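Student: This is coords_36.cif, which holds mmCIF, C-alpha atoms:
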data_entry
loop_
_atom_site.label_atom_id
_atom_site.label_comp_id
_atom_site.auth_asym_id
_atom_site.auth_seq_id
_atom_site.Cartn_x
_atom_site.Cartn_y
_atom_site.Cartn_z
CA MET A 25 124.65 121.74 132.86
CA VAL A 26 121.38 121.87 130.96
CA ASN A 27 118.39 122.98 133.02
CA ILE A 28 115.67 120.36 132.57
CA GLN A 29 113.05 123.11 132.76
CA ASP A 30 114.46 124.53 129.53
CA LEU A 31 114.01 121.27 127.65
CA ASP A 32 111.41 121.30 124.92
CA PRO A 33 109.65 117.91 125.16
CA SER A 34 108.70 118.19 121.49
CA ALA A 35 112.33 118.65 120.38
CA SER A 36 113.23 114.96 120.23
CA PRO A 37 112.28 111.60 121.73
CA LEU A 38 115.23 111.92 124.13
CA ASP A 39 114.09 115.38 125.31
CA TYR A 40 110.57 114.09 125.86
CA TYR A 41 111.86 111.09 127.81
CA GLY A 42 113.95 113.32 130.12
CA TRP A 43 111.11 115.77 130.61
CA GLU A 44 108.62 113.00 131.36
CA LEU A 45 111.02 111.22 133.74
CA ARG A 46 111.49 114.34 135.86
CA ARG A 47 107.76 115.13 135.84
CA ARG A 48 106.82 111.68 137.10
CA ARG A 49 109.66 111.59 139.63
CA GLU A 50 108.57 114.92 141.08
CA ASP A 51 104.94 113.77 141.15
CA HIS A 52 106.15 111.04 143.53
CA ARG A 53 108.10 113.62 145.58
CA LEU A 54 111.38 111.79 145.04
CA THR A 55 114.81 113.31 144.64
CA GLN A 56 117.09 112.02 141.91
CA GLN A 57 119.10 110.15 144.55
CA GLN A 58 115.99 108.61 146.10
CA LEU A 59 114.80 107.34 142.73
CA GLY A 60 118.30 106.07 141.99
CA ASP A 61 118.32 104.12 145.25
CA VAL A 62 115.02 102.47 144.33
CA ILE A 63 116.09 101.44 140.82
CA PHE A 64 119.68 100.49 141.77
CA CYS A 65 121.59 103.29 140.08
CA THR A 66 123.14 106.60 141.08
CA GLY A 67 121.21 109.81 141.45
CA SER A 68 123.74 111.31 139.06
CA LEU A 69 122.65 108.91 136.33
CA VAL A 70 119.00 109.84 136.88
CA GLY A 71 119.97 113.51 136.56
CA GLN A 72 122.01 112.91 133.41
CA ILE A 73 119.09 111.12 131.77
CA GLU A 74 116.68 113.86 132.82
CA THR A 75 118.98 116.42 131.18
CA THR A 76 119.59 114.28 128.03
CA ARG A 77 123.30 113.95 128.83
CA LYS A 78 122.87 110.17 128.97
CA VAL A 79 120.65 107.91 126.91
CA PRO A 80 118.46 105.55 128.96
CA THR A 81 118.53 101.80 128.49
CA ARG A 82 115.57 99.45 128.28
CA GLU A 83 116.53 97.97 131.67
CA PHE A 84 116.55 101.45 133.24
CA SER A 85 113.12 102.16 131.74
CA GLU A 86 111.62 98.94 133.04
CA ARG A 87 112.92 99.70 136.53
CA VAL A 88 111.46 103.21 136.40
CA ASP A 89 108.09 101.83 135.35
CA ALA A 90 108.12 99.39 138.26
CA ALA A 91 109.26 102.03 140.77
CA LEU A 92 106.88 104.79 139.71
CA GLY A 93 103.93 102.65 138.61
CA THR A 94 103.85 104.34 135.21
CA GLY A 95 102.03 101.52 133.46
CA GLY A 96 104.89 100.86 131.05
CA THR A 97 105.19 104.44 129.80
CA SER A 98 108.98 104.58 129.98
CA SER A 99 109.33 101.18 128.30
CA ARG A 100 107.10 102.32 125.45
CA LEU A 101 109.16 105.48 125.02
CA ILE A 102 112.53 103.72 124.92
CA GLY A 103 112.07 102.38 121.37
CA PRO A 104 111.80 105.83 119.73
CA VAL A 105 114.54 107.16 122.04
CA LEU A 106 117.02 104.49 121.01
CA ARG A 107 116.09 104.70 117.34
CA SER A 108 116.81 108.43 117.50
CA GLN A 109 120.43 107.53 118.30
CA LEU A 110 120.85 105.92 114.90
CA PRO A 111 122.34 108.09 112.14
CA ALA A 112 119.55 110.21 110.69
CA TRP A 113 119.96 108.67 107.24
CA PHE A 114 119.57 105.15 108.66
CA GLN A 115 116.47 105.72 110.78
CA PRO A 116 114.07 105.11 107.83
CA VAL A 117 115.81 101.75 107.26
CA ALA A 118 115.17 100.74 110.87
CA GLU A 119 111.50 101.64 110.35
CA LEU A 120 111.40 99.38 107.29
CA GLU A 121 112.89 96.52 109.33
CA ALA A 122 110.20 97.01 111.96
CA CYS A 123 107.38 96.81 109.40
CA ALA A 124 108.64 94.27 106.85
CA THR A 125 107.33 90.73 106.65
CA TYR A 126 110.30 89.36 104.65
CA ILE A 127 113.87 90.66 104.62
CA PRO A 128 116.37 89.08 102.21
CA THR A 129 119.84 90.62 102.53
CA PHE A 130 123.34 90.11 101.14
CA GLN A 131 126.30 91.24 103.22
CA THR A 132 129.82 91.54 101.81
CA GLN A 133 131.93 92.54 104.83
CA VAL A 134 130.13 92.38 108.17
CA VAL A 135 127.34 90.44 109.85
CA TYR A 136 123.88 91.93 109.27
CA GLY A 137 122.90 94.27 112.10
CA LEU A 138 119.93 92.19 113.27
CA LEU A 139 122.28 89.26 113.94
CA GLN A 140 125.21 91.07 115.58
CA THR A 141 126.27 90.41 119.16
CA PRO A 142 126.74 93.44 121.45
CA GLU A 143 130.50 92.92 121.48
CA TYR A 144 130.75 92.69 117.70
CA ALA A 145 128.55 95.76 117.25
CA ARG A 146 130.56 97.70 119.82
CA ALA A 147 133.85 96.93 118.05
CA LEU A 148 132.38 98.08 114.74
CA LEU A 149 130.73 101.25 115.99
CA ALA A 150 133.63 102.39 118.15
CA VAL A 151 135.72 102.92 115.01
CA ASP A 152 133.65 105.86 113.73
CA TYR A 153 131.60 106.75 116.82
CA PRO A 154 133.90 106.31 119.85
CA ASP A 155 131.92 108.80 121.96
CA LYS A 156 128.52 107.34 121.11
CA ALA A 157 129.32 103.65 120.77
CA GLU A 158 127.31 102.50 123.80
CA GLU A 159 124.20 104.42 122.78
CA MET A 160 124.46 103.10 119.23
CA VAL A 161 124.96 99.53 120.42
CA ALA A 162 121.78 99.90 122.49
CA ALA A 163 119.99 101.19 119.39
CA ARG A 164 121.23 98.24 117.35
CA LEU A 165 120.04 95.78 119.99
CA GLU A 166 116.69 97.54 120.00
CA ARG A 167 116.41 96.89 116.27
CA GLN A 168 116.91 93.18 116.96
CA ARG A 169 113.74 93.02 119.02
CA VAL A 170 111.78 92.56 115.78
CA LEU A 171 113.10 88.98 115.73
CA GLU A 172 111.58 88.33 119.17
CA ARG A 173 108.03 89.22 118.18
CA ASP A 174 105.28 86.59 118.10
CA GLU A 175 105.20 87.10 114.33
CA PRO A 176 108.74 88.13 113.36
CA PRO A 177 109.75 88.97 109.81
CA ALA A 178 111.25 86.14 107.79
CA LEU A 179 114.96 86.96 107.52
CA TRP A 180 117.16 85.38 104.85
CA VAL A 181 120.83 86.33 105.05
CA VAL A 182 123.52 85.51 102.49
CA LEU A 183 126.97 86.31 103.84
CA SER A 184 130.08 86.61 101.74
CA GLY A 185 132.80 84.26 102.96
CA ALA A 186 134.79 87.41 103.71
CA VAL A 187 132.44 88.16 106.62
CA LEU A 188 133.69 85.06 108.44
CA MET A 189 137.33 85.95 107.84
CA GLN A 190 137.22 89.69 108.58
CA LYS A 191 138.21 89.95 112.23
CA VAL A 192 136.10 92.47 114.11
CA GLY A 193 137.28 92.98 117.68
CA ASP A 194 139.46 90.16 119.00
CA ARG A 195 139.29 86.40 118.62
CA GLU A 196 136.84 86.09 121.49
CA VAL A 197 134.49 88.63 119.91
CA MET A 198 134.56 86.78 116.59
CA ARG A 199 134.10 83.42 118.22
CA GLY A 200 131.11 84.76 120.11
CA GLN A 201 129.67 86.25 116.94
CA LEU A 202 129.98 83.04 114.93
CA ALA A 203 128.58 81.05 117.85
CA HIS A 204 125.61 83.44 117.87
CA LEU A 205 125.03 82.84 114.15
CA SER A 206 125.00 79.11 114.89
CA THR A 207 122.11 79.55 117.33
CA PHE A 208 119.81 80.42 114.43
CA ARG A 209 120.32 77.04 112.78
CA ASP A 210 116.95 75.73 113.97
CA ASN A 211 115.11 79.05 113.80
CA PRO A 212 112.35 78.71 111.18
CA TRP A 213 112.30 82.45 110.49
CA VAL A 214 116.04 83.06 110.12
CA GLN A 215 118.03 81.37 107.35
CA ILE A 216 121.76 81.95 106.86
CA GLN A 217 123.82 80.99 103.81
CA VAL A 218 127.49 81.60 103.10
CA LEU A 219 128.75 82.46 99.64
CA PRO A 220 132.22 80.89 99.53
CA PHE A 221 135.25 82.49 97.91
CA GLY A 222 135.21 79.70 95.35
CA ALA A 223 131.99 81.07 93.88
CA GLY A 224 134.08 83.52 91.86
CA GLU A 225 132.43 86.54 90.27
CA HIS A 226 128.79 87.02 91.23
CA THR A 227 126.01 89.58 91.21
CA GLY A 228 126.74 90.62 94.79
CA LEU A 229 130.12 92.11 93.97
CA MET A 230 128.36 95.47 93.63
CA GLY A 231 128.10 95.54 97.44
CA SER A 232 125.75 94.78 100.31
CA PHE A 233 122.03 95.25 99.71
CA THR A 234 118.70 94.44 101.31
CA LEU A 235 115.16 93.99 100.06
CA PHE A 236 112.16 94.73 102.25
CA ARG A 237 108.82 93.12 101.47
CA PHE A 238 105.50 94.01 103.08
CA ASP A 239 101.93 92.83 103.26
CA GLY A 240 99.98 95.27 101.15
CA GLY A 241 102.86 97.57 100.23
CA PRO A 242 105.51 97.88 97.52
CA ASP A 243 108.89 96.20 97.91
CA ILE A 244 111.82 98.45 98.82
CA PHE A 245 115.43 97.99 97.69
CA TYR A 246 118.15 99.39 99.92
CA ILE A 247 121.88 99.56 99.27
CA ASP A 248 124.53 100.59 101.80
CA GLY A 249 126.86 103.53 101.31
CA TYR A 250 129.79 104.84 103.34
CA ASP A 251 127.87 107.49 105.26
CA GLN A 252 124.42 107.14 103.77
CA GLY A 253 122.27 104.62 101.96
CA HIS A 254 119.96 104.64 98.97
CA MET A 255 116.50 103.13 98.72
CA THR A 256 113.99 102.84 95.94
CA ALA A 257 110.67 101.18 95.13
CA ASN A 258 111.30 101.40 91.37
CA PRO A 259 109.74 98.19 89.91
CA PRO A 260 112.53 97.45 87.36
CA VAL A 261 115.15 97.79 90.10
CA ILE A 262 113.16 95.54 92.44
CA LYS A 263 112.80 92.94 89.69
CA GLU A 264 116.50 93.01 88.81
CA ARG A 265 117.71 92.85 92.42
CA SER A 266 115.20 90.15 93.40
CA PHE A 267 116.43 87.99 90.54
CA GLY A 268 120.03 88.78 91.47
CA TYR A 269 119.37 87.75 95.05
CA ALA A 270 117.85 84.47 93.91
CA ARG A 271 121.06 83.80 91.96
CA LEU A 272 123.12 84.49 95.10
CA GLN A 273 120.98 82.03 97.05
CA ALA A 274 121.45 79.41 94.36
CA THR A 275 125.23 79.93 94.27
CA ALA A 276 125.75 79.99 98.04
CA LEU A 277 126.23 76.92 100.20
CA SER A 278 123.07 75.32 101.52
CA VAL A 279 121.82 76.43 104.93
CA GLU A 280 123.12 73.17 106.42
CA ASP A 281 126.55 73.38 104.76
CA SER A 282 126.78 77.06 105.70
CA ALA A 283 126.17 76.23 109.36
CA ALA A 284 128.92 73.60 109.18
CA LEU A 285 131.32 76.11 107.61
CA ILE A 286 130.56 78.73 110.25
CA ALA A 287 131.25 76.18 113.00
CA ARG A 288 134.49 75.10 111.33
CA VAL A 289 135.78 78.65 110.91
CA MET A 290 134.82 79.41 114.50
CA GLU A 291 137.00 76.56 115.76
CA GLU A 292 139.87 76.73 113.30
CA ARG A 293 140.30 80.49 113.02
CA TYR A 294 138.97 81.83 116.31
CA GLY A 295 139.34 78.91 118.69
CA ASP A 296 141.73 78.74 121.63
CA PRO A 297 145.22 79.16 120.10
CA SER A 298 146.75 77.04 122.87
#
Could you rewrite the structure in this file as C-alpha cells?

Tutor:
Amino acid sequence: MVNIQDLDPSASPLDYYGWELRRRREDHRLTQQQLGDVIFCTGSLVGQIETTRKVPTREFSERVDAALGTGGTSSRLIGPVLRSQLPAWFQPVAELEACATYIPTFQTQVVYGLLQTPEYARALLAVDYPDKAEEMVAARLERQRVLERDEPPALWVVLSGAVLMQKVGDREVMRGQLAHLSTFRDNPWVQIQVLPFGAGEHTGLMGSFTLFRFDGGPDIFYIDGYDQGHMTANPPVIKERSFGYARLQATALSVEDSAALIARVMEERYGDPS
C-alpha cells in the first residue's frame, strides 16, 4: 500500500487531492473511519482516495467540503482530478470544450460525449478500459458540466443514422440514451440533426469531426482517431471543414424531423419487445 507521506502533491491532480484530503482530515483530528462516518462512506474508501488508489467523485468532494468546512476546496479540485483520468491525448480536447463558445460536431458511430448517458458511456468505455471504466465515466460526466453553465457553449450535433442503430449496451441502455437526446428538443443551446441513410454519399464519410470556435481566438478543427486525435488551426482546413459541415447540416433532417425520428427509433427498435 502506498504511504501517503511519500506522495508528491505536485505529481498529478490526483496526488494533490489525496495529499490535501489527508492534511485537512488530520487538521480536524479525524481518523479515516471517523471522516467516513460523517460523509456516509467507509474509512477504507477515504484511505484509498488519500493514497490515490481510488478516484474521488464530485459527490464525495462536496460531502468532504461540508464536513471539514473547506470552503469548496475539494469541489474545485475535482474538475482537474477527473480530467486527468481522460486519455492524455484527449485532455486538450476537453479543455477546448470547456473554453469554446460554439461546438459543431458530426458523429458517425456513437453519440457525442457531451450528450451521453452514464450507462451508454459505461458500456462504451468498458470495452477498452474495463479496469478504469467508472473513473472515465465520471470524467465524461464532468465534461458535460459545460452545458449546465449560465452561459453554455452553443452545441450543434449532426448524427449519422448509424448512431441510432448501433446498439451500445442493451436495449434499455439505448432506449435511455435516445430518451436523453429527446430532452434537448427545447434546449436553445443544443441542436441535434440526424443524417439519414438515404442521404447517400456525403462529406462526413471521412469520419467524425468537431470544430471549436472561440471569442477572440482561432477556430480549431479536431478529428477522431482510434487511439489519438488530430487538431489544427490551419485556415484552409478550417474553411474546408466549416463548409463541409454546413453541407451536412443542409443534407440532414431538420431538427424537428430528427427529434421525431429519434423518438420513433426509440420505440420501434428499443421499446418493450413484449

Student: Which polymer residues have any atom within 9 Å of an atom of Gln57 in chain A, counting only C-alpha atoms, with same-chain residues fewer than 6 positions away left out, as a short mmCIF file (atom, residue, chain, number, x, y, z; two decimals) with C-alpha atoms, in the frame of the given file?

Tutor:
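Heads up, here's the output in out34.cif:
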data_model
loop_
_atom_site.label_atom_id
_atom_site.label_comp_id
_atom_site.auth_asym_id
_atom_site.auth_seq_id
_atom_site.Cartn_x
_atom_site.Cartn_y
_atom_site.Cartn_z
CA CYS A 65 121.59 103.29 140.08
CA THR A 66 123.14 106.60 141.08
CA GLY A 67 121.21 109.81 141.45
CA SER A 68 123.74 111.31 139.06
CA VAL A 70 119.00 109.84 136.88
CA GLY A 71 119.97 113.51 136.56
#

Student: If the PyMOL selection byres ((chain A and resi 261-274) around 9) is run on the structure shown, which residues does it catch, given as a ChimeraX atom specification?

Tutor: /A:128-130,182,217-219,226-228,233,235,243-245,256-260,275-278

Student: Which is closest to Gly103 in chain A among A:Thr207, A:Gln115, A:Gln252, A:Gln56, if we use all atoms listed in the file?

Tutor: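 The shortest atom-to-atom distance to Gly103 in chain A comes from A:Gln115.
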
Student: At what distance in Å, to one decimal, does CA of Ser98 in chain A lie from CA of Pro33 in chain A?

Tutor: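 Straight-line distance from CA of Pro33 in chain A to CA of Ser98 in chain A works out to 14.2 Å.
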
Student: Would you list the residues near (116.1, 86.7, 105.3), meaning any protein, DNA or RNA residue with an atom at most 12 Å from that point in file coordinates, counting all atoms listed in the file, as an MDAnalysis selection string?

Tutor: chainID A and resid 121 124:131 136 138:139 171 176:183 208 211:217 233:237 269:270 273 279

Student: In Å to one decimal, how far is CA of Leu106 in chain A from CA of Glu159 in chain A?

Tutor: 7.4 Å

Student: Using the chain letters and numbers from this file, what does the PyMOL selection byres ((chain A and resi 287) around 12) select? Give the answer as a ChimeraX atom specification.

Tutor: /A:188,198-207,209,218,280-286,288-295

Student: By how many Å are CA of Gly241 in chain A and CA of Ala118 in chain A apart?

Tutor: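 Distance reported for this atom pair: 16.6 Å.
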
Student: Would you mind exporting range 62-74 of chain A with all heavy atoms, as an mmCIF file, in the first residue's frame?

Tutor:
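New file part_12.cif:
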data_model
loop_
_atom_site.group_PDB
_atom_site.id
_atom_site.type_symbol
_atom_site.label_atom_id
_atom_site.label_comp_id
_atom_site.auth_asym_id
_atom_site.auth_seq_id
_atom_site.Cartn_x
_atom_site.Cartn_y
_atom_site.Cartn_z
ATOM 1 N N VAL A 62 -18.875 10.439 8.929
ATOM 2 C CA VAL A 62 -19.511 11.751 8.759
ATOM 3 C C VAL A 62 -20.039 11.939 7.338
ATOM 4 O O VAL A 62 -21.103 12.535 7.131
ATOM 5 C CB VAL A 62 -18.518 12.882 9.117
ATOM 6 C CG1 VAL A 62 -19.104 14.252 8.765
ATOM 7 C CG2 VAL A 62 -18.159 12.821 10.585
ATOM 8 N N ILE A 63 -19.303 11.430 6.345
ATOM 9 C CA ILE A 63 -19.695 11.672 4.946
ATOM 10 C C ILE A 63 -20.347 10.438 4.316
ATOM 11 O O ILE A 63 -20.489 10.360 3.094
ATOM 12 C CB ILE A 63 -18.493 12.138 4.097
ATOM 13 C CG1 ILE A 63 -17.399 11.065 4.054
ATOM 14 C CG2 ILE A 63 -17.938 13.449 4.645
ATOM 15 C CD1 ILE A 63 -16.234 11.442 3.139
ATOM 16 N N PHE A 64 -20.753 9.475 5.169
ATOM 17 C CA PHE A 64 -21.535 8.323 4.719
ATOM 18 C C PHE A 64 -20.790 7.433 3.726
ATOM 19 O O PHE A 64 -21.300 7.078 2.665
ATOM 20 C CB PHE A 64 -22.870 8.770 4.113
ATOM 21 C CG PHE A 64 -23.653 9.697 5.002
ATOM 22 C CD1 PHE A 64 -23.738 11.051 4.718
ATOM 23 C CD2 PHE A 64 -24.276 9.212 6.148
ATOM 24 C CE1 PHE A 64 -24.439 11.913 5.558
ATOM 25 C CE2 PHE A 64 -24.978 10.067 6.986
ATOM 26 C CZ PHE A 64 -25.063 11.411 6.693
ATOM 27 N N CYS A 65 -19.551 7.104 4.069
ATOM 28 C CA CYS A 65 -18.797 6.136 3.285
ATOM 29 C C CYS A 65 -17.887 5.377 4.240
ATOM 30 O O CYS A 65 -17.853 5.660 5.440
ATOM 31 C CB CYS A 65 -18.001 6.802 2.164
ATOM 32 S SG CYS A 65 -16.575 7.753 2.736
ATOM 33 N N THR A 66 -17.148 4.420 3.744
ATOM 34 C CA THR A 66 -16.260 3.647 4.598
ATOM 35 C C THR A 66 -14.937 4.381 4.825
ATOM 36 O O THR A 66 -14.501 5.177 3.982
ATOM 37 C CB THR A 66 -15.969 2.271 3.977
ATOM 38 O OG1 THR A 66 -15.227 2.463 2.759
ATOM 39 C CG2 THR A 66 -17.250 1.511 3.689
ATOM 40 N N GLY A 67 -14.308 4.057 5.944
ATOM 41 C CA GLY A 67 -12.980 4.594 6.184
ATOM 42 C C GLY A 67 -11.990 4.077 5.159
ATOM 43 O O GLY A 67 -11.032 4.764 4.791
ATOM 44 N N SER A 68 -12.237 2.856 4.673
ATOM 45 C CA SER A 68 -11.375 2.276 3.645
ATOM 46 C C SER A 68 -11.391 3.128 2.385
ATOM 47 O O SER A 68 -10.344 3.347 1.761
ATOM 48 C CB SER A 68 -11.817 0.851 3.332
ATOM 49 O OG SER A 68 -11.073 0.321 2.252
ATOM 50 N N LEU A 69 -12.578 3.615 1.995
ATOM 51 C CA LEU A 69 -12.649 4.447 0.794
ATOM 52 C C LEU A 69 -11.870 5.743 1.000
ATOM 53 O O LEU A 69 -11.149 6.184 0.092
ATOM 54 C CB LEU A 69 -14.108 4.760 0.456
ATOM 55 C CG LEU A 69 -14.318 5.685 -0.744
ATOM 56 C CD1 LEU A 69 -13.739 5.072 -2.011
ATOM 57 C CD2 LEU A 69 -15.794 6.019 -0.932
ATOM 58 N N VAL A 70 -12.000 6.346 2.166
ATOM 59 C CA VAL A 70 -11.235 7.566 2.455
ATOM 60 C C VAL A 70 -9.746 7.278 2.298
ATOM 61 O O VAL A 70 -9.006 8.043 1.667
ATOM 62 C CB VAL A 70 -11.535 8.082 3.870
ATOM 63 C CG1 VAL A 70 -10.612 9.263 4.219
ATOM 64 C CG2 VAL A 70 -12.991 8.506 3.991
ATOM 65 N N GLY A 71 -9.290 6.143 2.854
ATOM 66 C CA GLY A 71 -7.883 5.792 2.752
ATOM 67 C C GLY A 71 -7.441 5.537 1.332
ATOM 68 O O GLY A 71 -6.343 5.943 0.919
ATOM 69 N N GLN A 72 -8.298 4.898 0.535
ATOM 70 C CA GLN A 72 -7.942 4.614 -0.863
ATOM 71 C C GLN A 72 -7.839 5.900 -1.673
ATOM 72 O O GLN A 72 -6.986 6.013 -2.558
ATOM 73 C CB GLN A 72 -8.976 3.671 -1.470
ATOM 74 C CG GLN A 72 -8.897 2.251 -0.936
ATOM 75 C CD GLN A 72 -10.016 1.376 -1.468
ATOM 76 O OE1 GLN A 72 -11.168 1.785 -1.567
ATOM 77 N NE2 GLN A 72 -9.687 0.145 -1.816
ATOM 78 N N ILE A 73 -8.688 6.877 -1.370
ATOM 79 C CA ILE A 73 -8.609 8.154 -2.078
ATOM 80 C C ILE A 73 -7.378 8.928 -1.630
ATOM 81 O O ILE A 73 -6.683 9.548 -2.449
ATOM 82 C CB ILE A 73 -9.904 8.968 -1.860
ATOM 83 C CG1 ILE A 73 -11.068 8.285 -2.609
ATOM 84 C CG2 ILE A 73 -9.731 10.410 -2.336
ATOM 85 C CD1 ILE A 73 -12.414 8.916 -2.360
ATOM 86 N N GLU A 74 -7.057 8.850 -0.342
ATOM 87 C CA GLU A 74 -5.867 9.541 0.154
ATOM 88 C C GLU A 74 -4.586 8.954 -0.436
ATOM 89 O O GLU A 74 -3.578 9.652 -0.542
ATOM 90 C CB GLU A 74 -5.811 9.458 1.681
ATOM 91 C CG GLU A 74 -6.843 10.340 2.372
ATOM 92 C CD GLU A 74 -6.698 10.314 3.887
ATOM 93 O OE1 GLU A 74 -5.891 9.507 4.398
ATOM 94 O OE2 GLU A 74 -7.390 11.108 4.556
#
